[in-house]
Amino acid sequence: MGDHFFSADPQSADVRRTVEARIWGRPYVFTTATGVFSRDRLDIGTSVLLRSVEPPTGPGTFLDLGAGYGPIACALAVEAPEATVWAVDVNNRALELTQVNAEVAGVADRVRAALPDDVPDDVRFDQIWSNPAIHIGKPELHKMLLRWLSRLAPDGTAWFVIGKNLGGDSLQRWLTDQGYPSERVGSAKGFRVLRTRRE
């Protein structure tokens, strides 16, 4: 069985390359590698999310859930220089790359790449940003989302991007039914962008 980007320790050779991206008007060069999500470019879903939502600029504690090599986490930290950004992933290679990319972006002191269980229980998030790993299956996806949404600050906001053909509309309804009212704030290239809050 081959590697998945949600493997904890990819067995494929760690072959690295760089990709260029423009996020919120700023140019970035990210190091990527085999065994991580979308190693050849900034994926379309994440691009749609970042084009659909204005960046936060004030202080706060933010979560990039399923961070991959860290493009969202790095961009959040750059745009909000008083914020702390947790970059959570189950893939150790992705977490290492996130640290590399945070160093290059000059925000390594405020980007904390961590496995899910390594985030302290008392941390609450003012914003959650995620292009969630739909391919882990619906039961695991629902479990993951509820785990982290329960740590959203009372006035916090979560931003999700989900492919329409992967259940974006049904996930919006499910989130609302779970006590996290969700509305669509963007739609492009087959993706839905959702804003989710606490009830």
# chains A, B, ... in the order shown; residues from 1 in each chain; ligands from 1
>>> select_by_dssp(residues="chain A", states="strand (DSSP E or B)", output="PDB file with C-alpha atoms, in the first residue's frame")
ATOM      1  CA  ARG A  16      12.109  17.970  -1.887  1.00  0.00           C
ATOM      2  CA  ARG A  17      11.293  20.779  -4.260  1.00  0.00           C
ATOM      3  CA  THR A  18      10.021  24.333  -4.051  1.00  0.00           C
ATOM      4  CA  VAL A  19       6.724  25.792  -5.199  1.00  0.00           C
ATOM      5  CA  GLU A  20       5.803  29.442  -5.609  1.00  0.00           C
ATOM      6  CA  ALA A  21       2.492  30.895  -4.479  1.00  0.00           C
ATOM      7  CA  ARG A  22       0.912  34.295  -4.032  1.00  0.00           C
ATOM      8  CA  ILE A  23      -1.264  34.582  -0.926  1.00  0.00           C
ATOM      9  CA  ARG A  26       2.399  38.462  -1.062  1.00  0.00           C
ATOM     10  CA  PRO A  27       4.806  36.098  -2.847  1.00  0.00           C
ATOM     11  CA  TYR A  28       5.959  32.921  -1.096  1.00  0.00           C
ATOM     12  CA  VAL A  29       8.360  30.122  -1.937  1.00  0.00           C
ATOM     13  CA  PHE A  30       7.528  26.925  -0.051  1.00  0.00           C
ATOM     14  CA  THR A  31       9.574  23.765   0.298  1.00  0.00           C
ATOM     15  CA  THR A  32       7.489  20.636  -0.315  1.00  0.00           C
ATOM     16  CA  ALA A  33       8.285  16.938  -0.521  1.00  0.00           C
ATOM     17  CA  GLY A  60      -5.248  35.960  18.494  1.00  0.00           C
ATOM     18  CA  THR A  61      -4.613  32.253  18.496  1.00  0.00           C
ATOM     19  CA  PHE A  62      -5.283  30.585  15.173  1.00  0.00           C
ATOM     20  CA  LEU A  63      -5.354  26.960  14.022  1.00  0.00           C
ATOM     21  CA  ASP A  64      -4.380  25.634  10.610  1.00  0.00           C
ATOM     22  CA  LEU A  65      -5.984  22.189  10.742  1.00  0.00           C
ATOM     23  CA  ALA A  83      -0.970  36.178  16.463  1.00  0.00           C
ATOM     24  CA  THR A  84       0.153  32.685  17.410  1.00  0.00           C
ATOM     25  CA  VAL A  85      -0.623  30.034  14.799  1.00  0.00           C
ATOM     26  CA  TRP A  86      -0.852  26.330  15.552  1.00  0.00           C
ATOM     27  CA  ALA A  87      -0.204  24.175  12.476  1.00  0.00           C
ATOM     28  CA  VAL A  88      -1.636  20.725  13.196  1.00  0.00           C
ATOM     29  CA  VAL A 111       4.082  29.113  14.106  1.00  0.00           C
ATOM     30  CA  ARG A 112       3.834  26.002  16.246  1.00  0.00           C
ATOM     31  CA  ALA A 113       3.807  22.833  14.158  1.00  0.00           C
ATOM     32  CA  ALA A 114       2.342  20.003  16.205  1.00  0.00           C
ATOM     33  CA  PHE A 125      -8.720  29.219  18.988  1.00  0.00           C
ATOM     34  CA  ASP A 126     -10.057  32.538  17.776  1.00  0.00           C
ATOM     35  CA  GLN A 127     -10.015  31.240  14.219  1.00  0.00           C
ATOM     36  CA  ILE A 128      -9.708  27.825  12.592  1.00  0.00           C
ATOM     37  CA  TRP A 129      -8.678  27.519   8.946  1.00  0.00           C
ATOM     38  CA  SER A 130      -8.838  24.204   7.130  1.00  0.00           C
ATOM     39  CA  LEU A 152     -13.215  27.364  19.202  1.00  0.00           C
ATOM     40  CA  ALA A 153     -13.438  30.483  21.374  1.00  0.00           C
ATOM     41  CA  PRO A 154     -17.018  31.599  22.142  1.00  0.00           C
ATOM     42  CA  ASP A 155     -16.842  34.377  19.540  1.00  0.00           C
ATOM     43  CA  GLY A 156     -14.504  32.466  17.240  1.00  0.00           C
ATOM     44  CA  THR A 157     -14.887  31.612  13.567  1.00  0.00           C
ATOM     45  CA  ALA A 158     -13.860  28.594  11.518  1.00  0.00           C
ATOM     46  CA  TRP A 159     -13.253  28.741   7.773  1.00  0.00           C
ATOM     47  CA  PHE A 160     -13.468  25.525   5.742  1.00  0.00           C
ATOM     48  CA  VAL A 161     -13.119  24.725   2.058  1.00  0.00           C
ATOM     49  CA  ILE A 162     -14.684  21.506   0.774  1.00  0.00           C
ATOM     50  CA  GLY A 163     -15.244  20.182  -2.715  1.00  0.00           C
ATOM     51  CA  SER A 182     -22.440  27.315   8.924  1.00  0.00           C
ATOM     52  CA  GLU A 183     -22.996  29.458   5.881  1.00  0.00           C
ATOM     53  CA  ARG A 184     -21.484  29.423   2.444  1.00  0.00           C
ATOM     54  CA  VAL A 185     -19.404  32.544   1.839  1.00  0.00           C
ATOM     55  CA  GLY A 186     -17.738  31.551  -1.412  1.00  0.00           C
ATOM     56  CA  SER A 187     -17.897  29.065  -4.254  1.00  0.00           C
ATOM     57  CA  ALA A 188     -15.418  28.561  -7.087  1.00  0.00           C
ATOM     58  CA  PHE A 191     -15.334  24.166  -4.003  1.00  0.00           C
ATOM     59  CA  ARG A 192     -17.490  25.572  -1.216  1.00  0.00           C
ATOM     60  CA  VAL A 193     -16.087  27.983   1.371  1.00  0.00           C
ATOM     61  CA  LEU A 194     -17.912  27.792   4.702  1.00  0.00           C
ATOM     62  CA  ARG A 195     -17.945  30.118   7.703  1.00  0.00           C
ATOM     63  CA  THR A 196     -18.740  28.251  10.906  1.00  0.00           C
ATOM     64  CA  ARG A 197     -19.404  29.624  14.378  1.00  0.00           C
TER      65      ARG A 197
END
>>> closest_residue(among="A:Asp43, A:Ile72, A:Gly137, A:Val119", to="A:Thr98", atoms="only C-alpha atoms")
A:Ile72
>>> closest_residue(among="A:Ala80, A:Val90, A:Ala105, A:Ala73", to="A:Gly58", atoms="only C-alpha atoms")
A:Ala80
>>> atom_distance(atom1="atom CA of A:Arg198", atom2="atom CA of A:Tyr180")
4.8 Å
>>> closest_residue(among="A:Glu140, A:Ala75, A:Gly190, A:Leu149", to="A:Ile44", atoms="only C-alpha atoms")
A:Gly190
>>> select_by_dssp(residues="stretch 92-191 of chain A", states="helix (DSSP H, G or I)", output="MDAnalysis selection string")
chainID A and resid 92:105 116:118 134:136 138:149 164:166 168:177
>>> atom_distance(atom1="atom CA of A:Lys138", atom2="atom CA of A:Leu97")
27.3 Å
>>> residues_around(residues="A:Trp174", least_positions_apart="2", cutoff="12 Å", atoms="only C-alpha atoms", output="VMD selection string")
chain A and resid 138 141 to 142 145 to 146 167 to 172 176 to 183 196
>>> write_last_selection(atoms="N, CA, C and O atoms", output="compact mmCIF listing (two decimals), in the first residue's frame")
# COMPACT_ATOMS: atom_id res chain seq x y z
N LYS A 138 -15.89 9.77 6.16
CA LYS A 138 -16.84 10.63 6.88
C LYS A 138 -16.79 10.46 8.39
O LYS A 138 -16.77 11.46 9.12
N LEU A 141 -13.65 12.16 9.63
CA LEU A 141 -13.75 13.59 9.37
C LEU A 141 -14.63 14.27 10.40
O LEU A 141 -14.26 15.30 10.98
N HIS A 142 -15.80 13.69 10.65
CA HIS A 142 -16.73 14.27 11.63
C HIS A 142 -16.09 14.31 13.02
O HIS A 142 -16.20 15.32 13.74
N LEU A 145 -13.46 17.14 13.08
CA LEU A 145 -14.03 18.48 13.10
C LEU A 145 -14.64 18.81 14.46
O LEU A 145 -14.46 19.92 14.98
N LEU A 146 -15.36 17.87 15.04
CA LEU A 146 -15.97 18.13 16.35
C LEU A 146 -14.90 18.32 17.43
O LEU A 146 -15.07 19.14 18.34
N GLY A 167 -19.02 16.47 -0.95
CA GLY A 167 -19.97 16.61 0.14
C GLY A 167 -19.97 17.95 0.83
O GLY A 167 -20.39 18.05 1.99
N GLY A 168 -19.54 19.00 0.14
CA GLY A 168 -19.48 20.32 0.76
C GLY A 168 -20.82 20.79 1.28
O GLY A 168 -20.92 21.34 2.39
N ASP A 169 -21.88 20.56 0.51
CA ASP A 169 -23.20 21.05 0.93
C ASP A 169 -23.75 20.23 2.09
O ASP A 169 -24.33 20.78 3.03
N SER A 170 -23.57 18.91 2.04
CA SER A 170 -24.07 18.08 3.15
C SER A 170 -23.27 18.34 4.43
O SER A 170 -23.83 18.29 5.53
N LEU A 171 -21.97 18.65 4.29
CA LEU A 171 -21.17 18.95 5.47
C LEU A 171 -21.64 20.26 6.11
O LEU A 171 -21.69 20.37 7.34
N GLN A 172 -22.01 21.23 5.29
CA GLN A 172 -22.55 22.48 5.83
C GLN A 172 -23.78 22.20 6.68
O GLN A 172 -23.92 22.73 7.79
N THR A 176 -24.14 22.56 10.97
CA THR A 176 -25.22 23.34 11.58
C THR A 176 -26.02 22.48 12.55
O THR A 176 -26.35 22.91 13.66
N ASP A 177 -26.30 21.23 12.16
CA ASP A 177 -27.06 20.31 13.02
C ASP A 177 -26.30 19.98 14.30
O ASP A 177 -26.92 19.64 15.32
N GLN A 178 -24.96 20.07 14.26
CA GLN A 178 -24.15 19.76 15.44
C GLN A 178 -24.01 20.96 16.38
O GLN A 178 -23.33 20.86 17.40
N GLY A 179 -24.64 22.07 16.05
CA GLY A 179 -24.54 23.25 16.91
C GLY A 179 -23.48 24.24 16.46
O GLY A 179 -23.09 25.11 17.23
N TYR A 180 -23.04 24.09 15.21
CA TYR A 180 -22.06 25.02 14.65
C TYR A 180 -22.64 25.60 13.36
O TYR A 180 -22.35 25.11 12.27
N PRO A 181 -23.48 26.64 13.49
CA PRO A 181 -24.13 27.21 12.31
C PRO A 181 -23.11 27.57 11.24
O PRO A 181 -22.12 28.25 11.52
N SER A 182 -23.38 27.13 10.02
CA SER A 182 -22.44 27.31 8.92
C SER A 182 -23.14 27.94 7.73
O SER A 182 -24.29 27.59 7.43
N GLU A 183 -22.46 28.84 7.08
CA GLU A 183 -23.00 29.46 5.88
C GLU A 183 -21.94 29.46 4.79
O GLU A 183 -20.74 29.54 5.08
N THR A 196 -18.10 29.01 9.83
CA THR A 196 -18.74 28.25 10.91
C THR A 196 -18.49 28.95 12.24
O THR A 196 -17.37 29.40 12.50
>>> decode(residues="stretch 171-187 of chain A", atoms="all heavy atoms", output="short mmCIF file (atom, residue, chain, number, x, y, z; two decimals), in the first residue's frame")
data_model
loop_
_atom_site.label_atom_id
_atom_site.label_comp_id
_atom_site.auth_asym_id
_atom_site.auth_seq_id
_atom_site.Cartn_x
_atom_site.Cartn_y
_atom_site.Cartn_z
N LEU A 171 -21.97 18.65 4.29
CA LEU A 171 -21.17 18.95 5.47
C LEU A 171 -21.64 20.26 6.11
O LEU A 171 -21.69 20.37 7.34
CB LEU A 171 -19.69 19.04 5.12
CG LEU A 171 -18.76 19.21 6.32
CD1 LEU A 171 -18.79 17.99 7.21
CD2 LEU A 171 -17.33 19.49 5.88
N GLN A 172 -22.01 21.23 5.29
CA GLN A 172 -22.55 22.48 5.83
C GLN A 172 -23.78 22.20 6.68
O GLN A 172 -23.92 22.73 7.79
CB GLN A 172 -22.90 23.43 4.68
CG GLN A 172 -23.51 24.75 5.15
CD GLN A 172 -23.94 25.64 3.99
OE1 GLN A 172 -23.58 25.40 2.83
NE2 GLN A 172 -24.71 26.65 4.29
N ARG A 173 -24.68 21.37 6.19
CA ARG A 173 -25.90 21.03 6.96
C ARG A 173 -25.54 20.27 8.23
O ARG A 173 -26.10 20.52 9.30
CB ARG A 173 -26.85 20.21 6.09
CG ARG A 173 -27.44 20.99 4.93
CD ARG A 173 -28.56 20.22 4.24
NE ARG A 173 -28.08 19.02 3.59
CZ ARG A 173 -27.65 18.98 2.32
NH1 ARG A 173 -27.63 20.09 1.59
NH2 ARG A 173 -27.24 17.85 1.78
N TRP A 174 -24.60 19.34 8.12
CA TRP A 174 -24.21 18.54 9.29
C TRP A 174 -23.60 19.42 10.37
O TRP A 174 -23.93 19.27 11.55
CB TRP A 174 -23.22 17.45 8.86
CG TRP A 174 -22.75 16.61 10.00
CD1 TRP A 174 -23.39 15.52 10.55
CD2 TRP A 174 -21.55 16.79 10.76
NE1 TRP A 174 -22.66 15.02 11.59
CE2 TRP A 174 -21.53 15.77 11.75
CE3 TRP A 174 -20.49 17.69 10.71
CZ2 TRP A 174 -20.48 15.65 12.67
CZ3 TRP A 174 -19.47 17.57 11.62
CH2 TRP A 174 -19.46 16.56 12.58
N LEU A 175 -22.72 20.33 10.00
CA LEU A 175 -22.12 21.23 10.98
C LEU A 175 -23.18 22.04 11.72
O LEU A 175 -23.14 22.18 12.94
CB LEU A 175 -21.13 22.18 10.29
CG LEU A 175 -19.80 21.57 9.84
CD1 LEU A 175 -19.08 22.52 8.88
CD2 LEU A 175 -18.92 21.22 11.01
N THR A 176 -24.14 22.56 10.97
CA THR A 176 -25.22 23.34 11.58
C THR A 176 -26.02 22.48 12.55
O THR A 176 -26.35 22.91 13.66
CB THR A 176 -26.12 23.94 10.49
OG1 THR A 176 -25.33 24.82 9.67
CG2 THR A 176 -27.27 24.73 11.09
N ASP A 177 -26.30 21.23 12.16
CA ASP A 177 -27.06 20.31 13.02
C ASP A 177 -26.30 19.98 14.30
O ASP A 177 -26.92 19.64 15.32
CB ASP A 177 -27.38 19.02 12.27
CG ASP A 177 -28.41 19.22 11.17
OD1 ASP A 177 -29.10 20.28 11.18
OD2 ASP A 177 -28.53 18.34 10.30
N GLN A 178 -24.96 20.07 14.26
CA GLN A 178 -24.15 19.76 15.44
C GLN A 178 -24.01 20.96 16.38
O GLN A 178 -23.33 20.86 17.40
CB GLN A 178 -22.75 19.29 15.01
CG GLN A 178 -22.73 18.08 14.09
CD GLN A 178 -23.47 16.90 14.68
OE1 GLN A 178 -23.19 16.49 15.81
NE2 GLN A 178 -24.40 16.34 13.92
N GLY A 179 -24.64 22.07 16.05
CA GLY A 179 -24.54 23.25 16.91
C GLY A 179 -23.48 24.24 16.46
O GLY A 179 -23.09 25.11 17.23
N TYR A 180 -23.04 24.09 15.21
CA TYR A 180 -22.06 25.02 14.65
C TYR A 180 -22.64 25.60 13.36
O TYR A 180 -22.35 25.11 12.27
CB TYR A 180 -20.73 24.30 14.39
CG TYR A 180 -20.09 23.78 15.65
CD1 TYR A 180 -20.23 22.45 16.03
CD2 TYR A 180 -19.37 24.63 16.48
CE1 TYR A 180 -19.65 21.97 17.21
CE2 TYR A 180 -18.79 24.16 17.66
CZ TYR A 180 -18.94 22.83 18.00
OH TYR A 180 -18.38 22.37 19.18
N PRO A 181 -23.48 26.64 13.49
CA PRO A 181 -24.13 27.21 12.31
C PRO A 181 -23.11 27.57 11.24
O PRO A 181 -22.12 28.25 11.52
CB PRO A 181 -24.83 28.46 12.87
CG PRO A 181 -25.01 28.18 14.33
CD PRO A 181 -23.83 27.35 14.73
N SER A 182 -23.38 27.13 10.02
CA SER A 182 -22.44 27.31 8.92
C SER A 182 -23.14 27.94 7.73
O SER A 182 -24.29 27.59 7.43
CB SER A 182 -21.82 25.97 8.52
OG SER A 182 -21.14 25.38 9.61
N GLU A 183 -22.46 28.84 7.08
CA GLU A 183 -23.00 29.46 5.88
C GLU A 183 -21.94 29.46 4.79
O GLU A 183 -20.74 29.54 5.08
CB GLU A 183 -23.46 30.89 6.16
CG GLU A 183 -22.37 31.82 6.63
CD GLU A 183 -22.86 33.24 6.87
OE1 GLU A 183 -23.71 33.71 6.08
OE2 GLU A 183 -22.38 33.87 7.82
N ARG A 184 -22.41 29.37 3.57
CA ARG A 184 -21.48 29.42 2.44
C ARG A 184 -21.14 30.87 2.15
O ARG A 184 -22.01 31.70 1.97
CB ARG A 184 -22.10 28.78 1.21
CG ARG A 184 -21.11 28.60 0.08
CD ARG A 184 -21.78 28.30 -1.24
NE ARG A 184 -22.77 27.24 -1.13
CZ ARG A 184 -23.65 26.98 -2.10
NH1 ARG A 184 -23.68 27.71 -3.20
NH2 ARG A 184 -24.52 26.00 -1.94
N VAL A 185 -19.85 31.17 2.10
CA VAL A 185 -19.40 32.54 1.84
C VAL A 185 -18.64 32.65 0.53
O VAL A 185 -18.25 33.74 0.13
CB VAL A 185 -18.54 33.08 3.00
CG1 VAL A 185 -19.35 33.17 4.27
CG2 VAL A 185 -17.29 32.22 3.20
N GLY A 186 -18.44 31.53 -0.13
CA GLY A 186 -17.74 31.55 -1.41
C GLY A 186 -17.93 30.24 -2.14
O GLY A 186 -18.22 29.20 -1.52
N SER A 187 -17.78 30.27 -3.45
CA SER A 187 -17.90 29.07 -4.25
C SER A 187 -17.14 29.31 -5.56
O SER A 187 -17.40 30.29 -6.25
CB SER A 187 -19.37 28.74 -4.53
OG SER A 187 -19.49 27.53 -5.23
#
